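J.: My structure is stored as my_file33.cif, with mmCIF, C-alpha atoms and all ligand atoms.
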data_input
#
loop_
_atom_site.label_atom_id
_atom_site.label_comp_id
_atom_site.auth_asym_id
_atom_site.auth_seq_id
_atom_site.Cartn_x
_atom_site.Cartn_y
_atom_site.Cartn_z
CA MET D 26 0.00 0.00 0.00
CA SER D 27 1.41 3.44 -0.97
CA ALA D 28 1.82 6.10 1.72
CA SER D 29 -1.16 8.04 0.42
CA GLU D 30 -3.40 4.97 0.33
CA ASP D 31 -2.31 4.22 3.85
CA ILE D 32 -3.28 7.70 5.01
CA ARG D 33 -6.61 7.55 3.16
CA ALA D 34 -7.51 4.23 4.83
CA GLU D 35 -6.54 5.61 8.22
CA LEU D 36 -8.59 8.75 7.61
CA ALA D 37 -11.66 6.64 6.81
CA ALA D 38 -11.16 4.61 10.00
CA ILE D 39 -10.59 7.71 12.16
CA GLU D 40 -13.66 9.42 10.73
CA ALA D 41 -15.86 6.38 11.31
CA LEU D 42 -14.74 6.04 14.92
CA ALA D 43 -15.01 9.77 15.60
CA ALA D 44 -18.49 9.95 14.06
CA GLU D 45 -19.62 7.10 16.29
CA ALA D 46 -18.16 8.71 19.41
CA LEU D 47 -19.69 12.14 18.68
CA ALA D 48 -23.11 10.76 17.81
CA GLY D 49 -23.10 8.66 20.98
CA ALA D 50 -22.10 11.43 23.45
CA ALA D 51 -24.60 11.13 26.30
CA ASP D 52 -24.55 14.77 27.44
CA LEU D 53 -23.02 18.13 26.59
CA GLY D 54 -20.01 17.54 28.83
CA ALA D 55 -19.19 14.23 27.15
CA LEU D 56 -19.65 15.85 23.74
CA ARG D 57 -17.24 18.71 24.53
CA SER D 58 -14.47 16.33 25.65
CA ALA D 59 -15.07 14.04 22.64
CA GLU D 60 -14.74 17.07 20.35
CA ALA D 61 -11.46 18.10 21.98
CA GLU D 62 -10.11 14.59 21.76
CA LEU D 63 -11.23 13.87 18.19
CA LEU D 64 -10.93 17.24 16.46
CA GLY D 65 -8.37 19.10 18.61
CA ARG D 66 -4.68 19.73 18.07
CA ARG D 67 -3.67 16.45 19.69
CA SER D 68 -6.22 14.35 17.84
CA ALA D 69 -5.45 11.42 15.53
CA LEU D 70 -6.88 13.60 12.76
CA ALA D 71 -4.32 16.34 13.44
CA ALA D 72 -1.54 13.74 13.57
CA LEU D 73 -2.65 12.45 10.19
CA GLY D 74 -2.49 15.97 8.75
CA SER D 75 1.13 16.35 9.85
CA ARG D 76 2.01 13.28 7.80
CA LEU D 77 0.84 14.91 4.54
CA GLY D 78 4.07 16.92 4.22
CA ALA D 79 5.92 13.80 3.14
CA LEU D 80 3.66 13.30 0.11
CA GLY D 81 4.00 14.67 -3.39
CA GLU D 82 2.26 17.94 -4.30
CA ALA D 83 -0.82 16.50 -6.07
CA GLU D 84 -1.43 13.80 -3.44
CA ARG D 85 -0.90 16.26 -0.64
CA ARG D 86 -3.53 18.61 -2.09
CA GLN D 87 -6.00 15.81 -2.64
CA LEU D 88 -5.56 14.26 0.80
CA GLY D 89 -5.48 17.69 2.44
CA ALA D 90 -8.88 18.41 0.87
CA ASP D 91 -10.19 14.97 1.96
CA LEU D 92 -8.97 15.58 5.48
CA ASN D 93 -10.61 19.01 5.67
CA ALA D 94 -13.85 17.58 4.31
CA ALA D 95 -13.78 14.82 6.95
CA ARG D 96 -13.10 17.39 9.68
CA ALA D 97 -16.01 19.56 8.42
CA ARG D 98 -18.38 16.54 8.42
CA LEU D 99 -17.36 15.64 11.97
CA ALA D 100 -17.73 19.27 13.14
CA GLU D 101 -21.23 19.39 11.59
CA LEU D 102 -22.11 16.13 13.32
CA ALA D 103 -20.90 17.54 16.67
CA ARG D 104 -23.03 20.67 16.12
CA THR D 105 -26.16 18.66 15.40
CA ARG D 106 -25.57 16.48 18.45
CA SER D 107 -24.91 19.59 20.57
CA ASP D 108 -28.21 21.22 19.47
CA LEU D 109 -30.07 18.04 20.31
CA LEU D 110 -28.50 17.69 23.76
CA GLU D 111 -29.02 21.41 24.51
CA ALA D 112 -32.73 21.14 23.66
CA ALA D 113 -33.10 18.06 25.85
CA ARG D 114 -31.38 19.86 28.74
CA ARG D 115 -33.70 22.88 28.43
CA GLU D 116 -36.72 20.63 28.36
CA ALA D 117 -35.58 18.78 31.49
CA ARG D 118 -34.94 22.04 33.36
CA LEU D 119 -38.36 23.45 32.46
CA GLU D 120 -39.99 20.26 33.65
CA GLU D 121 -38.02 20.45 36.90
CA ASP D 122 -38.94 24.10 37.50
CA ARG D 123 -42.59 23.66 36.67
CA LEU D 124 -44.66 24.95 39.58
CA ASP D 125 -48.38 24.83 39.29
CA LEU D 126 -49.29 27.90 41.29
CA THR D 127 -53.00 27.42 40.73
CA GLU D 128 -52.84 24.03 42.36
CA ALA D 129 -50.66 25.28 45.21
CA SER D 130 -52.80 28.25 46.17
CA LEU D 131 -56.19 26.64 45.69
CA LEU D 132 -55.55 23.52 47.66
CA GLY D 133 -53.03 24.57 50.31
CA PRO D 134 -49.65 23.04 51.07
CA ARG D 135 -50.91 20.00 52.95
CA ALA D 136 -53.26 19.05 50.16
CA TRP D 137 -50.41 19.52 47.75
CA VAL D 138 -48.33 16.93 49.53
CA ARG D 139 -51.16 14.48 49.99
CA GLY D 140 -52.80 15.16 46.66
CA VAL D 141 -56.17 15.60 48.37
CA PRO D 142 -58.19 18.81 48.15
CA GLU D 143 -58.54 20.47 51.53
CA ARG D 144 -61.56 22.41 52.77
CA GLY D 145 -60.96 25.93 54.00
CA ARG D 146 -62.36 27.09 57.32
CA LEU D 147 -63.03 30.21 59.34
CA HIS D 148 -60.18 31.88 61.20
CA LEU D 149 -59.94 31.19 64.93
CA VAL D 150 -60.89 34.78 65.78
CA THR D 151 -64.03 34.57 63.62
CA ARG D 152 -65.00 31.26 65.19
CA THR D 153 -64.43 32.72 68.66
CA ARG D 154 -66.58 35.74 67.85
CA ASP D 155 -69.37 33.44 66.61
CA GLU D 156 -69.13 31.31 69.74
CA LEU D 157 -69.20 34.36 72.04
CA GLU D 158 -72.28 35.65 70.26
CA ASP D 159 -73.94 32.25 70.72
CA ILE D 160 -73.17 32.24 74.44
CA PHE D 161 -74.63 35.71 74.95
CA VAL D 162 -77.64 35.04 72.75
CA GLY D 163 -78.23 32.01 74.97
CA MET D 164 -78.21 34.38 77.97
CA GLY D 165 -80.87 36.59 76.38
CA PHE D 166 -78.66 39.23 74.73
CA GLY D 167 -79.20 40.69 71.26
CA VAL D 168 -76.27 41.24 68.86
CA VAL D 169 -75.60 44.72 67.44
CA GLU D 170 -72.83 45.97 65.17
CA GLY D 171 -71.39 49.46 64.95
CA THR D 172 -69.04 51.17 62.51
CA GLU D 173 -65.24 51.11 62.62
CA ALA D 174 -64.91 54.81 61.75
CA GLU D 175 -66.37 56.97 64.51
CA THR D 176 -66.50 60.59 65.49
CA ASP D 177 -64.64 61.84 68.52
CA TRP D 178 -67.98 62.37 70.24
CA TYR D 179 -68.98 58.69 70.21
CA ASN D 180 -65.52 57.26 70.92
CA PHE D 181 -64.66 59.71 73.72
CA GLU D 182 -66.89 62.65 74.58
CA ALA D 183 -70.18 60.86 75.09
CA LEU D 184 -68.25 58.33 77.16
CA ASN D 185 -67.51 60.99 79.75
CA MET D 186 -64.19 62.10 78.23
CA PRO D 187 -64.41 65.75 77.15
CA PRO D 188 -61.63 67.11 74.88
CA ALA D 189 -58.22 66.99 76.59
CA HIS D 190 -59.52 64.64 79.32
CA PRO D 191 -56.42 62.80 80.63
CA ALA D 192 -58.11 59.39 80.36
CA ARG D 193 -58.06 59.71 76.55
CA SER D 194 -54.39 58.78 76.73
CA MET D 195 -55.48 55.25 77.74
CA TRP D 196 -56.25 54.77 74.04
CA ASP D 197 -53.60 55.62 71.44
CA THR D 198 -55.80 56.81 68.62
CA LEU D 199 -55.51 56.63 64.83
CA TYR D 200 -57.29 59.61 63.26
CA LEU D 201 -58.80 59.78 59.77
CA ASP D 202 -58.18 62.76 57.55
CA LEU D 203 -61.88 63.68 57.41
CA GLY D 204 -63.85 66.67 58.68
CA GLU D 205 -62.52 68.68 61.64
CA PRO D 206 -58.91 67.88 62.62
CA GLU D 207 -59.00 64.83 64.94
CA GLY D 208 -62.77 64.75 64.57
CA VAL D 209 -63.04 61.35 62.87
CA LEU D 210 -61.10 58.31 64.01
CA LEU D 211 -60.84 54.55 63.86
CA ARG D 212 -62.62 53.41 67.00
CA THR D 213 -60.22 52.43 69.76
CA HIS D 214 -62.83 50.22 71.46
CA THR D 215 -66.37 48.98 70.91
CA SER D 216 -67.77 51.22 73.68
CA PRO D 217 -69.05 53.87 71.19
CA VAL D 218 -71.63 51.31 70.03
CA GLN D 219 -73.13 51.54 73.54
CA VAL D 220 -73.79 55.23 72.89
CA HIS D 221 -75.44 54.57 69.50
CA LEU D 222 -77.62 51.91 71.07
CA LEU D 223 -78.70 54.12 73.97
CA GLU D 224 -79.47 56.91 71.50
CA THR D 225 -81.38 54.88 68.94
CA VAL D 226 -83.05 52.14 70.98
CA GLY D 227 -82.90 53.29 74.60
CA PRO D 228 -83.61 51.22 77.70
CA PRO D 229 -84.48 48.57 78.63
CA LEU D 230 -81.78 46.83 76.63
CA ARG D 231 -79.45 43.89 76.77
CA ALA D 232 -76.99 43.53 73.87
CA VAL D 233 -73.48 42.50 72.87
CA MET D 234 -71.56 44.43 70.22
CA PRO D 235 -68.62 42.60 68.64
CA GLY D 236 -66.21 44.20 66.19
CA ARG D 237 -62.80 45.34 65.11
CA CYS D 238 -60.86 48.06 66.95
CA TYR D 239 -57.68 49.99 66.15
CA ARG D 240 -54.93 51.43 68.29
CA LYS D 241 -51.58 52.99 67.55
CA GLU D 242 -49.74 50.18 69.30
CA THR D 243 -46.54 48.29 68.69
CA PRO D 244 -47.63 44.66 68.56
CA ASP D 245 -46.34 42.35 71.29
CA ALA D 246 -47.36 39.01 72.82
CA ARG D 247 -50.65 40.49 74.14
CA HIS D 248 -51.29 43.47 71.85
CA LEU D 249 -52.14 44.00 68.19
CA ALA D 250 -52.77 47.30 66.41
CA VAL D 251 -55.95 45.83 64.90
CA PHE D 252 -57.87 43.57 67.26
CA HIS D 253 -61.41 42.70 68.27
CA GLN D 254 -63.61 43.36 71.24
CA ILE D 255 -67.06 42.29 72.29
CA GLU D 256 -68.91 44.99 74.18
CA GLY D 257 -71.84 44.21 76.44
CA LEU D 258 -74.53 46.57 77.72
CA VAL D 259 -77.46 45.91 80.01
CA VAL D 260 -79.64 48.84 81.06
CA ASP D 261 -82.86 48.38 82.98
CA GLU D 262 -84.53 49.37 86.22
CA GLY D 263 -82.76 48.09 89.33
CA ILE D 264 -79.60 46.70 87.68
CA GLY D 265 -76.70 46.41 90.17
CA PHE D 266 -73.09 45.27 90.38
CA ALA D 267 -74.20 41.75 91.40
CA ASP D 268 -75.87 41.42 87.97
CA LEU D 269 -72.57 42.31 86.33
CA ALA D 270 -70.57 39.86 88.47
CA GLY D 271 -73.12 37.08 87.87
CA THR D 272 -73.17 37.68 84.10
CA VAL D 273 -69.39 37.64 83.89
CA GLU D 274 -69.25 34.42 85.89
CA VAL D 275 -71.86 32.64 83.76
CA PHE D 276 -70.05 33.80 80.63
CA THR D 277 -66.54 32.72 81.73
CA ARG D 278 -67.84 29.27 82.80
CA ALA D 279 -69.64 28.83 79.49
CA TYR D 280 -66.57 29.81 77.50
CA PHE D 281 -63.70 28.35 79.54
CA GLY D 282 -65.39 25.60 81.56
CA GLN D 283 -65.53 25.28 85.35
CA GLU D 284 -61.80 25.04 86.07
CA MET D 285 -60.56 28.38 84.77
CA LEU D 286 -59.62 30.77 87.57
CA THR D 287 -60.91 34.33 86.99
CA ARG D 288 -60.88 37.49 89.06
CA LEU D 289 -62.57 40.90 88.92
CA ARG D 290 -60.08 43.52 90.06
CA PRO D 291 -60.95 47.16 90.84
CA SER D 292 -59.96 49.49 88.01
CA PHE D 293 -60.87 52.78 86.36
CA PHE D 294 -62.76 53.72 83.20
CA PRO D 295 -64.27 57.19 82.73
CA PHE D 296 -67.56 55.70 81.52
CA THR D 297 -68.17 53.22 84.37
CA GLU D 298 -68.34 53.69 88.12
CA PRO D 299 -67.32 51.51 89.87
CA SER D 300 -65.04 49.88 87.32
CA ALA D 301 -63.32 46.52 87.27
CA GLU D 302 -61.04 44.47 85.11
CA LEU D 303 -61.52 40.78 84.37
CA ASP D 304 -58.38 38.63 84.50
CA VAL D 305 -57.83 34.92 83.90
CA THR D 306 -54.92 32.75 84.97
CA CYS D 307 -52.22 32.79 82.29
CA PRO D 308 -52.69 29.49 80.42
CA VAL D 309 -49.04 29.39 79.37
CA CYS D 310 -47.46 29.34 82.86
CA GLY D 311 -50.53 28.41 84.94
CA GLY D 312 -50.03 31.53 87.08
CA ALA D 313 -46.32 31.17 87.80
CA GLY D 314 -45.37 34.16 85.60
CA CYS D 315 -43.87 34.06 82.11
CA ARG D 316 -43.13 36.18 79.04
CA THR D 317 -46.72 35.97 77.76
CA CYS D 318 -48.23 37.49 80.96
CA SER D 319 -45.19 39.73 81.62
CA GLY D 320 -44.54 37.77 84.81
CA SER D 321 -47.87 38.60 86.49
CA GLY D 322 -49.46 35.14 86.20
CA TRP D 323 -52.71 36.78 84.95
CA ILE D 324 -53.95 37.89 81.55
CA GLU D 325 -56.39 40.76 81.30
CA LEU D 326 -59.47 39.92 79.26
CA GLY D 327 -61.37 43.17 79.48
CA GLY D 328 -62.92 46.00 81.43
CA ALA D 329 -66.36 46.28 83.00
CA GLY D 330 -68.38 48.36 85.40
CA MET D 331 -71.65 50.11 86.20
CA VAL D 332 -72.56 52.62 83.46
CA ASP D 333 -71.65 56.10 84.70
CA PRO D 334 -74.83 58.26 85.01
CA ASN D 335 -73.06 60.94 82.93
CA VAL D 336 -73.08 58.57 79.94
CA LEU D 337 -76.83 58.02 80.26
CA ASP D 338 -77.43 61.75 80.70
CA ALA D 339 -75.30 62.59 77.63
CA VAL D 340 -77.78 60.75 75.39
CA GLY D 341 -80.90 61.85 77.25
CA VAL D 342 -81.57 58.63 79.20
CA ASP D 343 -82.99 59.31 82.68
CA SER D 344 -80.20 58.12 85.00
CA GLU D 345 -82.50 58.41 88.03
CA ARG D 346 -84.70 55.71 86.61
CA TRP D 347 -82.32 53.50 84.64
CA THR D 348 -79.10 51.85 85.73
CA GLY D 349 -76.88 49.46 83.85
CA PHE D 350 -73.61 47.65 83.51
CA ALA D 351 -71.21 47.35 80.59
CA PHE D 352 -68.20 45.28 79.67
CA GLY D 353 -65.67 45.10 76.83
CA PHE D 354 -63.64 41.91 76.38
CA GLY D 355 -60.81 41.24 73.92
CA ILE D 356 -61.91 38.57 71.46
CA ASP D 357 -58.36 37.85 70.26
CA ARG D 358 -57.23 37.37 73.87
CA LEU D 359 -60.16 35.05 74.57
CA ALA D 360 -59.19 33.04 71.48
CA MET D 361 -55.51 33.03 72.38
CA ILE D 362 -56.08 31.87 75.94
CA ARG D 363 -58.34 28.97 75.14
CA ALA D 364 -56.13 27.83 72.24
CA GLY D 365 -53.09 27.99 74.56
CA LEU D 366 -51.15 30.36 72.28
CA ASP D 367 -48.24 32.19 73.90
CA ASP D 368 -48.27 35.11 71.46
CA LEU D 369 -51.21 37.01 69.99
CA ARG D 370 -49.20 37.84 66.86
CA ALA D 371 -49.47 34.18 65.83
CA LEU D 372 -53.11 34.94 64.95
CA THR D 373 -52.12 37.42 62.24
CA ASP D 374 -49.07 35.62 60.83
CA ASN D 375 -51.36 33.44 58.72
CA ASP D 376 -49.06 30.45 59.11
CA LEU D 377 -51.32 27.63 57.94
CA ARG D 378 -49.39 25.08 60.02
CA LEU D 379 -50.61 26.88 63.14
CA LEU D 380 -54.06 27.85 61.89
CA HIS D 381 -54.78 24.20 61.05
CA GLN D 382 -54.15 23.24 64.68
CA VAL D 383 -56.26 25.82 66.52
C1 LIG D 401 -61.55 49.22 76.90
O1 LIG D 401 -61.29 49.26 75.71
C2 LIG D 401 -62.90 49.53 77.46
N1 LIG D 401 -63.72 50.08 76.41
C3 LIG D 401 -63.53 48.30 78.05
C4 LIG D 401 -64.77 48.57 78.83
C5 LIG D 401 -66.01 48.45 78.22
C6 LIG D 401 -64.70 48.96 80.14
C7 LIG D 401 -67.18 48.70 78.94
C8 LIG D 401 -65.83 49.21 80.86
C9 LIG D 401 -67.04 49.07 80.25
P1 LIG D 401 -59.21 48.24 77.53
O2 LIG D 401 -58.41 49.24 76.84
O3 LIG D 401 -58.68 47.71 78.82
O4 LIG D 401 -60.64 48.76 77.80
O5 LIG D 401 -59.44 47.02 76.54
C10 LIG D 401 -60.30 45.96 76.88
C11 LIG D 401 -59.73 44.65 76.40
O6 LIG D 401 -59.51 44.68 75.00
C12 LIG D 401 -58.36 44.31 76.99
O7 LIG D 401 -58.48 43.76 78.27
C13 LIG D 401 -57.86 43.31 75.99
O8 LIG D 401 -58.46 42.04 76.21
C14 LIG D 401 -58.39 43.88 74.69
N2 LIG D 401 -57.37 44.73 74.09
C15 LIG D 401 -57.10 46.03 74.34
N3 LIG D 401 -56.09 46.46 73.58
C16 LIG D 401 -55.70 45.42 72.82
C17 LIG D 401 -54.70 45.23 71.81
N4 LIG D 401 -53.91 46.22 71.43
N5 LIG D 401 -54.57 44.02 71.25
C18 LIG D 401 -55.39 43.01 71.61
N6 LIG D 401 -56.34 43.11 72.54
C19 LIG D 401 -56.51 44.31 73.14
#
Go through the file and emit its structure as structure tokens.
T.:
Amino acid sequence: MSASEDIRAELAAIEALAAEALAGAADLGALRSAEAELLGRRSALAALGSRLGALGEAERRQLGADLNAARARLAELARTRSDLLEAARREARLEEDRLDLTEASLLGPRAWVRGVPERGRLHLVTRTRDELEDIFVGMGFGVVEGTEAETDWYNFEALNMPPAHPARSMWDTLYLDLGEPEGVLLRTHTSPVQVHLLETVGPPLRAVMPGRCYRKETPDARHLAVFHQIEGLVVDEGIGFADLAGTVEVFTRAYFGQEMLTRLRPSFFPFTEPSAELDVTCPVCGGAGCRTCSGSGWIELGGAGMVDPNVLDAVGVDSERWTGFAFGFGIDRLAMIRAGLDDLRALTDNDLRLLHQV
């Protein structure tokens, strides 16, 4: 065999092997190293090219052209294989990243894992509010709702707190940019609904008034800036403090059961006289003192007292004839205590892992 025939045969063999290796590369990495090995400067193909110098002019030209053609065919083959592998890699990545957000948000994370649709349910605070309403309806109370935006008169003045009264500082108020400066506000408690009720319905009356309240507060374990209260008002002839104490006791037993320790402690509110505060044993530490109750062993649920005659007089109700009691309890606190939560903020975090348990 002449030298040129020898080279031609070798070229055919090298091309066949290289074509097989390139076409069979399993991924882009394997393809790149096959290309370097088969088409690079140290490849058998390159070595073959360096042997052409020993041939005569015509043969060298011919074989040189054959060699370049073989190299071009192999390069084209590598490109085709590369495009194919690149497309497959993109496809695989898209499949991996595919996130069906519709499925995730409609069914919730637990359903997603189990593949079973999950039913939604009412938030713990809403369920607590419903339950409190049921308890009071069972005790003969009606349910009344007020508005969240109030005027200064209903939130403060009619409740025996004239402008600049020091007791106003008990409630850090968020004002709305409406009407007179500081004339319209987001109610800081549900007590203004008492005033509306006395004005529009008048005695005798027995009602609870649940709803959302707002205060300029920094949230902590027992405080939120947006929270809920349930107000109670009973006005009739001959109502006394014993009626208030009895009502509070029947209510706390109905809601917490017999075991819960409660206490009524003397306090002050401008719209009740005498005034008291209702506390329950801290459910987190059992009364020993902890972070949740700030070490006191008790958690305050709300205020109460005999309606101050000035409040009745302010809305034209005869305070010589009618007497009454009122209370305002924190719904979020009631929910937190019975669910055994150590931090009120857990109720607004919307962590489904917690909300599913309470
Ligand atoms: C009042 O708001 C009075 N209006 C209650 C009242 C009504 C007294 C009728 C007398 C007669 P106080 O600010 O203490 O009072 O709030 C009552 C309850 O609401 C608290 O004991 C607590 O349970 C709840 N509460 C008050 N502020 C917050 C808050 N920032 N976050 C969560 N709960 C709160």
J.: Between chain D and ligand LIG 401 (chain D), at 9 Å or less, what are the per-residue closest atom pairs and their distances in Å? Count only C-alpha atoms and all ligand atoms, order by chain and rising residue number, and return it as a tab-separated table.
T.:
residue	atom	partner	partner_atom	distance
D:Met195	CA	D:LIG401	O2	6.7
D:Trp196	CA	D:LIG401	O2	6.6
D:Thr213	CA	D:LIG401	O1	6.8
D:His214	CA	D:LIG401	O1	4.6
D:Thr215	CA	D:LIG401	N1	6.2
D:Ser216	CA	D:LIG401	N1	5.0
D:Pro217	CA	D:LIG401	N1	8.4
D:Gln219	CA	D:LIG401	C7	8.5
D:Cys238	CA	D:LIG401	C16	8.2
D:Tyr239	CA	D:LIG401	N4	7.5
D:Arg240	CA	D:LIG401	N4	6.2
D:Lys241	CA	D:LIG401	N4	8.1
D:Glu242	CA	D:LIG401	N4	6.1
D:Thr243	CA	D:LIG401	N4	8.1
D:Pro244	CA	D:LIG401	N4	7.1
D:Asp245	CA	D:LIG401	N5	8.4
D:Ala246	CA	D:LIG401	N5	8.9
D:Arg247	CA	D:LIG401	C18	5.9
D:His248	CA	D:LIG401	N5	3.4
D:Leu249	CA	D:LIG401	N5	3.9
D:Ala250	CA	D:LIG401	N4	5.3
D:Val251	CA	D:LIG401	N5	6.7
D:Phe252	CA	D:LIG401	C18	5.0
D:His253	CA	D:LIG401	N6	6.6
D:Gln254	CA	D:LIG401	O6	5.7
D:Ile255	CA	D:LIG401	O6	8.4
D:Glu256	CA	D:LIG401	C5	6.1
D:Gly257	CA	D:LIG401	C7	6.9
D:Leu258	CA	D:LIG401	C7	7.7
D:Phe293	CA	D:LIG401	C8	8.2
D:Phe294	CA	D:LIG401	C8	5.9
D:Pro295	CA	D:LIG401	C8	8.3
D:Phe296	CA	D:LIG401	C8	6.7
D:Thr297	CA	D:LIG401	C8	5.8
D:Glu298	CA	D:LIG401	C8	8.9
D:Ser300	CA	D:LIG401	C8	6.5
D:Ala301	CA	D:LIG401	C8	7.4
D:Glu302	CA	D:LIG401	O7	7.3
D:Leu303	CA	D:LIG401	O7	7.4
D:Asp304	CA	D:LIG401	O7	8.1
D:Ile324	CA	D:LIG401	O7	8.1
D:Glu325	CA	D:LIG401	O7	4.7
D:Leu326	CA	D:LIG401	O8	3.8
D:Gly327	CA	D:LIG401	O7	3.2
D:Gly328	CA	D:LIG401	C6	3.7
D:Ala329	CA	D:LIG401	C8	3.7
D:Gly330	CA	D:LIG401	C8	5.3
D:Met331	CA	D:LIG401	C9	7.6
D:Val332	CA	D:LIG401	C9	7.3
D:Phe350	CA	D:LIG401	C9	7.5
D:Ala351	CA	D:LIG401	C9	4.5
D:Phe352	CA	D:LIG401	C7	3.6
D:Gly353	CA	D:LIG401	C5	3.6
D:Phe354	CA	D:LIG401	C11	4.8
D:Gly355	CA	D:LIG401	O8	3.4
D:Ile356	CA	D:LIG401	O8	6.8
D:Asp357	CA	D:LIG401	N6	6.1
D:Arg358	CA	D:LIG401	O8	5.4
D:Leu359	CA	D:LIG401	O8	7.4
D:Leu369	CA	D:LIG401	C18	7.5
J.: Find the distance between atom CA of D:Thr225 and atom CA of D:Glu274 and write it in Å to one decimal.
T.: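 Atom CA of D:Thr225 sits 29.2 Å away from atom CA of D:Glu274.
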J.: Calculated over all atoms listed in the file, which of the candidates D:Val342, D:Cys307, D:Ala69, D:Met234 has the smallest distance to D:Glu262?
T.: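 Distance minimum relative to D:Glu262 lands on D:Val342.
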J.: Within 12 Å of (-27.0, 11.3, 29.5) (coordinates as in the file), grab all the protein and nucleic acid residues, counting only C-alpha atoms, and write them out as a list in words.
T.: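 Checked against the point, the hits come out as Gly49, Ala50, Ala51, Asp52, Leu53, Gly54, Ala55, Leu56, Leu109, Leu110, Glu111, Ala113, Arg114 and Ala117 of chain D.
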J.: With C-alpha atoms retained, could you export that selection as a compact mmCIF listing (two decimals), keeping the file's coordinate frame?
T.:
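Contents of selection32.txt, as written:
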# COMPACT_ATOMS: atom_id res chain seq x y z
CA GLY D 49 -23.10 8.66 20.98
CA ALA D 50 -22.10 11.43 23.45
CA ALA D 51 -24.60 11.13 26.30
CA ASP D 52 -24.55 14.77 27.44
CA LEU D 53 -23.02 18.13 26.59
CA GLY D 54 -20.01 17.54 28.83
CA ALA D 55 -19.19 14.23 27.15
CA LEU D 56 -19.65 15.85 23.74
CA LEU D 109 -30.07 18.04 20.31
CA LEU D 110 -28.50 17.69 23.76
CA GLU D 111 -29.02 21.41 24.51
CA ALA D 113 -33.10 18.06 25.85
CA ARG D 114 -31.38 19.86 28.74
CA ALA D 117 -35.58 18.78 31.49
J.: Measuring between only C-alpha atoms, which one of D:Glu284, D:Glu45, D:Glu40, D:Glu121 shows the shortest distance to D:Arg98?
T.: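 With only C-alpha atoms as the atom set, the closest residue is D:Glu40.
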J.: For stretch 94-96 of chain D, please output as a list in words all residues within 12 Å (counting all atoms listed in the file; exclusion window: fewer than 6 positions along the same chain).
T.: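 Counting all atoms listed in the file, the residues come to Arg33, Glu35, Leu36, Ala37, Ala38, Ile39, Glu40, Ala41, Leu42, Ala43, Ala44, Glu60, Leu63, Leu64, Gly65, Ser68, Ala69, Leu70, Ala71, Leu73, Gly74, Gln87, Leu88, Leu102 and Ala103 of chain D.
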J.: Which residues are close to D:Gly167, i.e. within 7 Å by all atoms listed in the file, leaving aside same-chain residues fewer than 4 positions away? Reply as a short mmCIF file (atom, residue, chain, number, x, y, z; two decimals) with C-alpha atoms, in the frame of the given file.
T.:
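Saved to selection.cif:
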data_model
loop_
_atom_site.label_atom_id
_atom_site.label_comp_id
_atom_site.auth_asym_id
_atom_site.auth_seq_id
_atom_site.Cartn_x
_atom_site.Cartn_y
_atom_site.Cartn_z
CA VAL D 162 -77.64 35.04 72.75
CA ARG D 231 -79.45 43.89 76.77
CA ALA D 232 -76.99 43.53 73.87
CA VAL D 233 -73.48 42.50 72.87
#
J.: Determine, counting all atoms listed in the file, every residue of protein, DNA or RNA that lies within 9 Å of (-50.8, 39.4, 90.1) in the file coordinates, then give the result as a CSV table (one decimal) with C-alpha atoms, in the coordinates of the input.
T.:
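Writing the result to point-v5.csv gives the following:
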chain,number,residue,atom,x,y,z
D,312,GLY,CA,-50.0,31.5,87.1
D,314,GLY,CA,-45.4,34.2,85.6
D,320,GLY,CA,-44.5,37.8,84.8
D,321,SER,CA,-47.9,38.6,86.5
D,322,GLY,CA,-49.5,35.1,86.2
D,323,TRP,CA,-52.7,36.8,85.0
J.: Rounded to one decimal, what separation in Å do you get between atom CA of D:Trp178 and atom CA of D:Val336?
T.: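 Rounded to one decimal, the two atoms are 11.6 Å apart.
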J.: How many Å lie between atom CA of D:Glu207 and atom CA of D:Thr176, rounded to one decimal?
T.: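 Pair atom CA of D:Glu207 / atom CA of D:Thr176 returns 8.6 Å.
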J.: Padding 3 Å on every side, please: axis-aligned box over the listed atoms of stretch 51-66 of chain D, centre and edge lengths to one decimal in Å, as AutoDock Vina command-line options.
T.:
--center_x -14.6 --center_y 15.4 --center_z 22.6 --size_x 25.9 --size_y 14.6 --size_z 18.4
J.: Choose the residue, out of D:Arg123, D:Arg57, D:His148, D:Arg86, that has the smallest atom-to-atom separation from D:Asp374; count all atoms listed in the file.
T.: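 Distance minimum relative to D:Asp374 lands on D:His148.
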J.: For D:Ala364, which of D:Val309, D:Asn335, D:Leu230, D:Thr317 is the closest residue, counting all atoms listed in the file?
T.: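 For D:Ala364, the nearest of the given residues is D:Val309.
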